[in-house]
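This is protein_35.cif (mmCIF, C-alpha atoms).
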data_query
#
loop_
_atom_site.label_atom_id
_atom_site.label_comp_id
_atom_site.auth_asym_id
_atom_site.auth_seq_id
_atom_site.Cartn_x
_atom_site.Cartn_y
_atom_site.Cartn_z
CA MET L 74 11.93 16.48 -43.59
CA GLY L 75 13.17 15.09 -46.87
CA VAL L 76 12.05 12.13 -48.91
CA SER L 77 14.29 9.74 -47.00
CA GLY L 78 12.93 11.02 -43.68
CA THR L 79 9.36 10.51 -44.87
CA MET L 80 10.15 7.01 -46.09
CA GLU L 81 11.79 6.17 -42.74
CA TYR L 82 8.76 7.47 -40.87
CA LEU L 83 6.34 5.45 -43.00
CA SER L 84 8.53 2.37 -42.69
CA ASP L 85 8.59 2.69 -38.90
CA LEU L 86 4.85 3.24 -38.83
CA MET L 87 4.18 0.08 -40.83
CA SER L 88 6.55 -2.17 -38.87
CA SER L 89 5.78 -0.86 -35.39
CA THR L 90 2.65 -2.91 -34.81
CA ASN L 91 4.39 -5.26 -32.36
CA LYS L 92 7.08 -2.91 -31.04
CA HIS L 93 4.90 -0.89 -28.66
CA LYS L 94 4.50 -2.81 -25.45
CA LYS L 95 2.57 -1.48 -22.51
CA ARG L 96 5.16 -0.10 -20.11
CA LYS L 97 4.84 -1.10 -16.48
CA GLN L 98 4.16 1.61 -13.93
CA MET L 99 6.76 2.54 -11.32
CA GLN L 100 5.40 1.24 -8.05
CA THR L 101 6.36 0.38 -4.52
CA VAL L 102 5.61 -3.08 -3.15
CA GLU L 103 5.80 -3.59 0.61
CA LEU L 104 6.15 -7.11 1.97
CA LYS L 105 6.22 -8.70 5.40
CA ILE L 106 8.98 -11.31 5.51
CA LYS L 107 10.26 -12.85 8.74
CA MET L 108 14.04 -12.45 8.86
CA ASP L 109 16.17 -13.25 11.90
CA CYS L 110 19.79 -12.82 10.80
CA ASP L 111 22.07 -11.08 8.31
CA GLY L 112 22.11 -14.19 6.13
CA CYS L 113 18.32 -14.17 5.76
CA GLU L 114 18.38 -10.47 4.95
CA LEU L 115 21.09 -10.90 2.33
CA LYS L 116 19.33 -13.88 0.74
CA VAL L 117 16.07 -11.92 0.35
CA LYS L 118 17.83 -8.77 -0.87
CA ASN L 119 19.84 -10.68 -3.52
CA ALA L 120 16.76 -12.54 -4.75
CA LEU L 121 14.66 -9.39 -5.11
CA SER L 122 17.48 -7.26 -6.52
CA SER L 123 18.05 -9.79 -9.31
CA MET L 124 14.55 -9.19 -10.73
CA SER L 125 14.38 -7.10 -13.89
CA GLY L 126 12.85 -3.68 -13.34
CA VAL L 127 13.76 -3.42 -9.64
CA LYS L 128 15.32 -0.05 -8.78
CA SER L 129 15.79 -0.46 -5.02
CA VAL L 130 15.25 -2.94 -2.21
CA ASP L 131 15.03 -1.55 1.33
CA ILE L 132 14.90 -3.92 4.30
CA ASN L 133 13.86 -3.11 7.87
CA ARG L 134 14.65 -6.30 9.77
CA LYS L 135 13.23 -5.05 13.06
CA GLN L 136 9.76 -4.60 11.53
CA HIS L 137 10.17 -7.57 9.12
CA LYS L 138 9.38 -5.14 6.30
CA VAL L 139 10.82 -5.21 2.77
CA THR L 140 10.14 -2.36 0.35
CA VAL L 141 10.75 -2.99 -3.35
CA THR L 142 10.61 -0.03 -5.74
CA GLY L 143 10.67 -0.31 -9.52
CA TYR L 144 8.84 -1.31 -12.65
CA VAL L 145 7.55 -4.58 -11.20
CA GLU L 146 4.28 -6.37 -10.51
CA ALA L 147 3.39 -7.17 -6.90
CA SER L 148 2.49 -10.79 -7.68
CA LYS L 149 5.88 -11.44 -9.29
CA VAL L 150 7.72 -9.84 -6.36
CA VAL L 151 5.81 -12.05 -3.91
CA LYS L 152 6.57 -15.14 -6.01
CA LYS L 153 10.28 -14.30 -6.15
CA ALA L 154 10.39 -13.64 -2.39
CA LYS L 155 8.68 -16.97 -1.69
CA SER L 156 11.39 -18.72 -3.70
CA THR L 157 13.79 -17.90 -0.83
CA GLY L 158 11.83 -20.27 1.43
CA LYS L 159 10.51 -17.52 3.71
CA LYS L 160 6.90 -16.85 4.66
CA VAL L 161 5.83 -13.83 2.60
CA GLU L 162 2.73 -11.65 2.62
CA ILE L 163 1.83 -8.19 1.37
CA TRP L 164 2.43 -5.60 4.13
CA PRO L 165 -0.86 -5.75 6.09
CA TYR L 166 -0.36 -2.74 8.37
CA VAL L 167 -1.21 0.96 8.17
CA PRO L 168 -0.53 3.77 10.65
CA TYR L 169 -3.15 3.62 13.40
CA ASN L 170 -4.30 7.20 12.82
CA LEU L 171 -5.60 6.25 9.34
CA VAL L 172 -8.06 3.68 10.71
CA LEU L 173 -11.46 4.81 12.00
CA HIS L 174 -11.46 2.44 15.01
CA PRO L 175 -7.87 1.20 15.51
CA TYR L 176 -8.49 -0.75 18.71
CA THR L 177 -11.29 -3.02 17.54
CA ALA L 178 -10.60 -6.74 17.59
CA GLN L 179 -10.21 -6.93 13.80
CA ALA L 180 -7.69 -4.09 13.52
CA TYR L 181 -5.59 -4.52 16.64
CA ASP L 182 -2.67 -6.92 16.24
CA LYS L 183 -0.12 -7.65 18.97
CA LYS L 184 2.50 -8.52 16.33
CA ALA L 185 2.15 -5.20 14.51
CA PRO L 186 5.05 -2.75 14.75
CA PRO L 187 4.56 0.20 17.12
CA GLY L 188 2.15 2.77 15.70
CA TYR L 189 0.62 0.34 13.19
CA VAL L 190 -2.61 -1.69 13.07
CA ARG L 191 -4.04 -4.10 10.50
CA ASN L 192 -5.74 -2.49 7.53
CA VAL L 193 -9.36 -3.63 7.85
CA GLU L 194 -12.62 -2.24 6.61
CA ILE L 195 -15.28 -2.28 9.33
CA THR L 196 -18.67 -2.50 7.66
CA SER L 197 -20.76 -3.02 10.73
CA THR L 198 -24.12 -1.25 10.80
CA VAL L 199 -23.50 -0.27 14.42
CA THR L 200 -20.43 1.79 13.54
CA THR L 201 -22.22 3.30 10.53
CA ASN L 202 -25.15 4.38 12.68
CA MET L 203 -22.77 5.74 15.31
CA ALA L 204 -20.93 7.80 12.69
CA ARG L 205 -24.22 9.20 11.35
CA HIS L 206 -25.27 10.14 14.89
CA GLU L 207 -21.94 11.94 15.47
CA ASP L 208 -22.32 13.84 12.18
CA ASN L 209 -25.83 14.86 13.16
CA GLN L 210 -24.57 16.20 16.50
CA TYR L 211 -22.07 18.48 14.80
CA THR L 212 -24.54 19.85 12.27
CA THR L 213 -27.15 20.72 14.90
CA MET L 214 -24.66 22.14 17.40
CA PHE L 215 -24.70 25.59 15.79
CA SER L 216 -28.27 25.53 14.45
CA ASP L 217 -30.63 28.44 15.13
CA ASP L 218 -33.41 25.94 15.78
CA ASN L 219 -31.48 24.32 18.64
CA PRO L 220 -32.18 26.08 21.98
CA ASN L 221 -28.97 24.60 23.45
CA ALA L 222 -26.83 25.93 20.59
CA CYS L 223 -23.74 28.01 21.10
CA SER L 224 -24.58 31.15 23.08
CA ILE L 225 -21.80 33.19 21.49
CA MET L 226 -23.78 33.45 18.28
#

Using C-alpha coordinates, write down the structure from this file.
Amino acid sequence: MGVSGTMEYLSDLMSSTNKHKKRKQMQTVELKIKMDCDGCELKVKNALSSMSGVKSVDINRKQHKVTVTGYVEASKVVKKAKSTGKKVEIWPYVPYNLVLHPYTAQAYDKKAPPGYVRNVEITSTVTTNMARHEDNQYTTMFSDDNPNACSIM
(Lines of atoms letter the chains of each structure in order from A and count residues from 1; the text may use other names and numbers.)
(Lines give C-alpha, C1' and ligand atoms only; values in the text may rest on other atoms or scores of the structure.)
Protein backbone atom coordinates (compact mmCIF):
# COMPACT_ATOMS: atom_id res chain seq x y z
CA MET A 1 0.00 0.00 0.00
CA GLY A 2 1.56 3.25 -1.08
CA VAL A 3 1.26 6.75 0.30
CA SER A 4 -1.83 7.50 -1.78
CA GLY A 5 -3.48 4.28 -0.57
CA THR A 6 -2.77 5.19 3.04
CA MET A 7 -4.11 8.70 2.55
CA GLU A 8 -7.28 7.29 0.93
CA TYR A 9 -7.76 4.89 3.83
CA LEU A 10 -7.33 7.63 6.43
CA SER A 11 -9.64 9.93 4.48
CA ASP A 12 -12.33 7.25 4.34
CA LEU A 13 -11.88 6.53 8.02
CA MET A 14 -12.36 10.18 8.97
CA SER A 15 -15.39 10.79 6.76
CA SER A 16 -17.19 7.49 7.37
CA THR A 17 -18.83 8.46 10.65
CA ASN A 18 -22.28 8.79 9.06
CA LYS A 19 -21.88 6.34 6.18
CA HIS A 20 -22.32 3.12 8.15
CA LYS A 21 -25.99 2.48 8.66
CA LYS A 22 -27.31 -0.56 10.44
CA ARG A 23 -28.35 -2.98 7.71
CA LYS A 24 -31.76 -4.58 8.06
CA GLN A 25 -31.94 -8.33 8.49
CA MET A 26 -33.43 -10.54 5.78
CA GLN A 27 -36.72 -11.76 7.19
CA THR A 28 -40.01 -13.31 6.25
CA VAL A 29 -43.26 -11.61 7.25
CA GLU A 30 -46.47 -13.63 7.05
CA LEU A 31 -49.78 -11.80 6.96
CA LYS A 32 -53.43 -12.80 6.97
CA ILE A 33 -55.30 -10.69 4.42
CA LYS A 34 -58.82 -11.51 3.22
CA MET A 35 -58.80 -11.63 -0.58
CA ASP A 36 -61.72 -12.84 -2.69
CA CYS A 37 -60.75 -12.20 -6.31
CA ASP A 38 -57.81 -11.77 -8.69
CA GLY A 39 -58.15 -7.99 -8.45
CA CYS A 40 -57.71 -8.03 -4.67
CA GLU A 41 -54.71 -10.33 -5.01
CA LEU A 42 -53.09 -8.11 -7.64
CA LYS A 43 -53.72 -4.95 -5.63
CA VAL A 44 -52.04 -6.41 -2.53
CA LYS A 45 -49.14 -7.90 -4.52
CA ASN A 46 -48.43 -4.61 -6.33
CA ALA A 47 -48.56 -2.60 -3.10
CA LEU A 48 -46.18 -4.92 -1.24
CA SER A 49 -43.83 -5.43 -4.20
CA SER A 50 -43.36 -1.67 -4.53
CA MET A 51 -41.75 -1.45 -1.07
CA SER A 52 -37.98 -1.02 -1.01
CA GLY A 53 -36.14 -4.09 0.23
CA VAL A 54 -38.84 -6.60 -0.75
CA LYS A 55 -37.38 -9.62 -2.58
CA SER A 56 -40.54 -11.69 -3.08
CA VAL A 57 -44.27 -11.66 -2.38
CA ASP A 58 -46.07 -15.01 -2.31
CA ILE A 59 -49.86 -15.13 -2.04
CA ASN A 60 -52.02 -18.12 -1.12
CA ARG A 61 -55.56 -16.86 -1.69
CA LYS A 62 -57.21 -20.03 -0.42
CA GLN A 63 -55.62 -19.63 3.03
CA HIS A 64 -55.70 -15.78 2.88
CA LYS A 65 -51.95 -15.87 3.52
CA VAL A 66 -49.36 -13.44 2.14
CA THR A 67 -45.64 -14.10 2.63
CA VAL A 68 -43.25 -11.19 2.13
CA THR A 69 -39.51 -11.91 2.07
CA GLY A 70 -36.81 -9.26 2.08
CA TYR A 71 -34.98 -6.61 4.04
CA VAL A 72 -38.14 -5.14 5.56
CA GLU A 73 -39.69 -4.45 8.94
CA ALA A 74 -42.93 -6.23 9.84
CA SER A 75 -44.63 -3.03 11.03
CA LYS A 76 -43.95 -1.27 7.73
CA VAL A 77 -45.23 -4.25 5.73
CA VAL A 78 -48.45 -4.27 7.77
CA LYS A 79 -48.86 -0.52 7.28
CA LYS A 80 -48.37 -0.81 3.52
CA ALA A 81 -50.82 -3.73 3.30
CA LYS A 82 -53.43 -1.76 5.27
CA SER A 83 -53.12 1.05 2.72
CA THR A 84 -54.89 -1.25 0.23
CA GLY A 85 -58.06 -1.05 2.33
CA LYS A 86 -57.98 -4.70 3.40
CA LYS A 87 -58.14 -6.07 6.93
CA VAL A 88 -54.58 -7.12 7.80
CA GLU A 89 -53.07 -9.00 10.71
CA ILE A 90 -49.85 -10.89 11.36
CA TRP A 91 -50.31 -14.60 10.52
CA PRO A 92 -51.77 -15.98 13.78
CA TYR A 93 -51.61 -19.70 13.02
CA VAL A 94 -49.04 -22.45 13.58
CA PRO A 95 -49.16 -26.14 12.64
CA TYR A 96 -51.24 -27.98 15.23
CA ASN A 97 -48.45 -30.42 16.10
CA LEU A 98 -46.35 -27.54 17.52
CA VAL A 99 -48.95 -26.63 20.16
CA LEU A 100 -49.09 -28.56 23.44
CA HIS A 101 -52.90 -28.70 23.58
CA PRO A 102 -54.23 -27.83 20.09
CA TYR A 103 -57.91 -28.45 20.81
CA THR A 104 -58.36 -26.16 23.80
CA ALA A 105 -60.82 -23.31 23.40
CA GLN A 106 -58.06 -20.69 23.09
CA ALA A 107 -56.12 -22.51 20.35
CA TYR A 108 -58.87 -24.05 18.24
CA ASP A 109 -60.22 -21.76 15.53
CA LYS A 110 -62.88 -22.78 13.00
CA LYS A 111 -61.53 -20.24 10.51
CA ALA A 112 -57.98 -21.62 10.62
CA PRO A 113 -56.70 -23.44 7.53
CA PRO A 114 -56.60 -27.25 7.76
CA GLY A 115 -53.76 -28.45 9.97
CA TYR A 116 -53.34 -25.09 11.73
CA VAL A 117 -54.43 -23.69 15.11
CA ARG A 118 -53.96 -20.30 16.76
CA ASN A 119 -50.59 -19.72 18.37
CA VAL A 120 -51.43 -19.31 22.06
CA GLU A 121 -49.45 -19.80 25.23
CA ILE A 122 -51.45 -21.71 27.84
CA THR A 123 -50.18 -20.69 31.26
CA SER A 124 -52.78 -22.42 33.34
CA THR A 125 -51.56 -24.05 36.54
CA VAL A 126 -53.72 -27.08 35.80
CA THR A 127 -51.85 -27.87 32.59
CA THR A 128 -48.50 -27.20 34.30
CA ASN A 129 -49.33 -29.62 37.11
CA MET A 130 -50.57 -32.19 34.59
CA ALA A 131 -47.31 -31.93 32.63
CA ARG A 132 -45.26 -32.37 35.82
CA HIS A 133 -47.31 -35.44 36.74
CA GLU A 134 -46.73 -36.95 33.28
CA ASP A 135 -42.98 -36.31 33.55
CA ASN A 136 -42.93 -37.95 36.95
CA GLN A 137 -44.67 -41.04 35.55
CA TYR A 138 -42.00 -41.51 32.90
CA THR A 139 -39.09 -41.10 35.29
CA THR A 140 -40.44 -43.63 37.79
CA MET A 141 -41.53 -46.15 35.16
CA PHE A 142 -38.08 -47.75 34.95
CA SER A 143 -36.96 -47.08 38.53
CA ASP A 144 -35.51 -49.90 40.64
CA ASP A 145 -37.51 -48.60 43.61
CA ASN A 146 -40.81 -49.08 41.76
CA PRO A 147 -42.20 -52.62 42.28
CA ASN A 148 -44.40 -52.22 39.18
CA ALA A 149 -41.45 -51.24 36.98
CA CYS A 150 -40.62 -52.95 33.73
CA SER A 151 -40.09 -56.67 34.29
CA ILE A 152 -37.66 -57.00 31.38
CA MET A 153 -34.96 -55.26 33.38

Kindly assemble as a tab-separated table a list of the segment 127-146 of chain L residues that lie within 9 Å of segment 97-113 of chain L, each paired with its nearest atom pair and their distance in Å to one decimal, using only C-alpha atoms, sorted first by chain and then by ascending residue number.
residue	atom	partner	partner_atom	distance
L:Arg134	CA	L:Met108	CA	6.2
L:Lys135	CA	L:Met108	CA	8.5
L:Gln136	CA	L:Lys105	CA	8.2
L:His137	CA	L:Lys107	CA	5.3
L:Lys138	CA	L:Lys105	CA	4.8
L:Val139	CA	L:Leu104	CA	5.1
L:Thr140	CA	L:Glu103	CA	4.5
L:Val141	CA	L:Val102	CA	5.1
L:Thr142	CA	L:Thr101	CA	4.4
L:Gly143	CA	L:Met99	CA	5.2
L:Tyr144	CA	L:Met99	CA	4.6
L:Val145	CA	L:Lys97	CA	6.9
L:Glu146	CA	L:Lys97	CA	8.0

Applied to this file, what does the PyMOL selection byres ((chain L and resi 116) around 12) return in terms of residues, put as number ranges by chain?
-> L: 106, 108-115, 117-123, 132, 153-159

Which of L:Lys160, L:Lys149, L:Lys184, L:Arg191 sits closest to Val172 of chain L [using only C-alpha atoms] |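 That would be L:Arg191, the residue with the smallest distance to Val172 of chain L.
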
Output of the PyMOL selection byres ((chain L and resi 168) around 7), listed as JSON, numbers by chain | {"L": [166, 167, 169, 170, 171, 188, 189, 190]}

Separation of atom CA of Thr177 of chain L and atom CA of Asn133 of chain L, in Å?
->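 So the two atoms, atom CA of Thr177 of chain L and atom CA of Asn133 of chain L, lie 26.9 Å apart.
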
Figure out the distance between atom CA of Asp131 of chain L and atom CA of Ala185 of chain L, please, to one decimal in Å.
->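 Here the two named atoms are 18.8 Å from each other.
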
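Note that the spacing between atom CA of Val127 of chain L and atom CA of Val193 of chain L amounts to 29.0 Å.
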
From L:Val150, L:Met87, L:Lys128, L:Pro186, residue lying nearest Pro165 of chain L [all atoms listed in the file] = L:Pro186
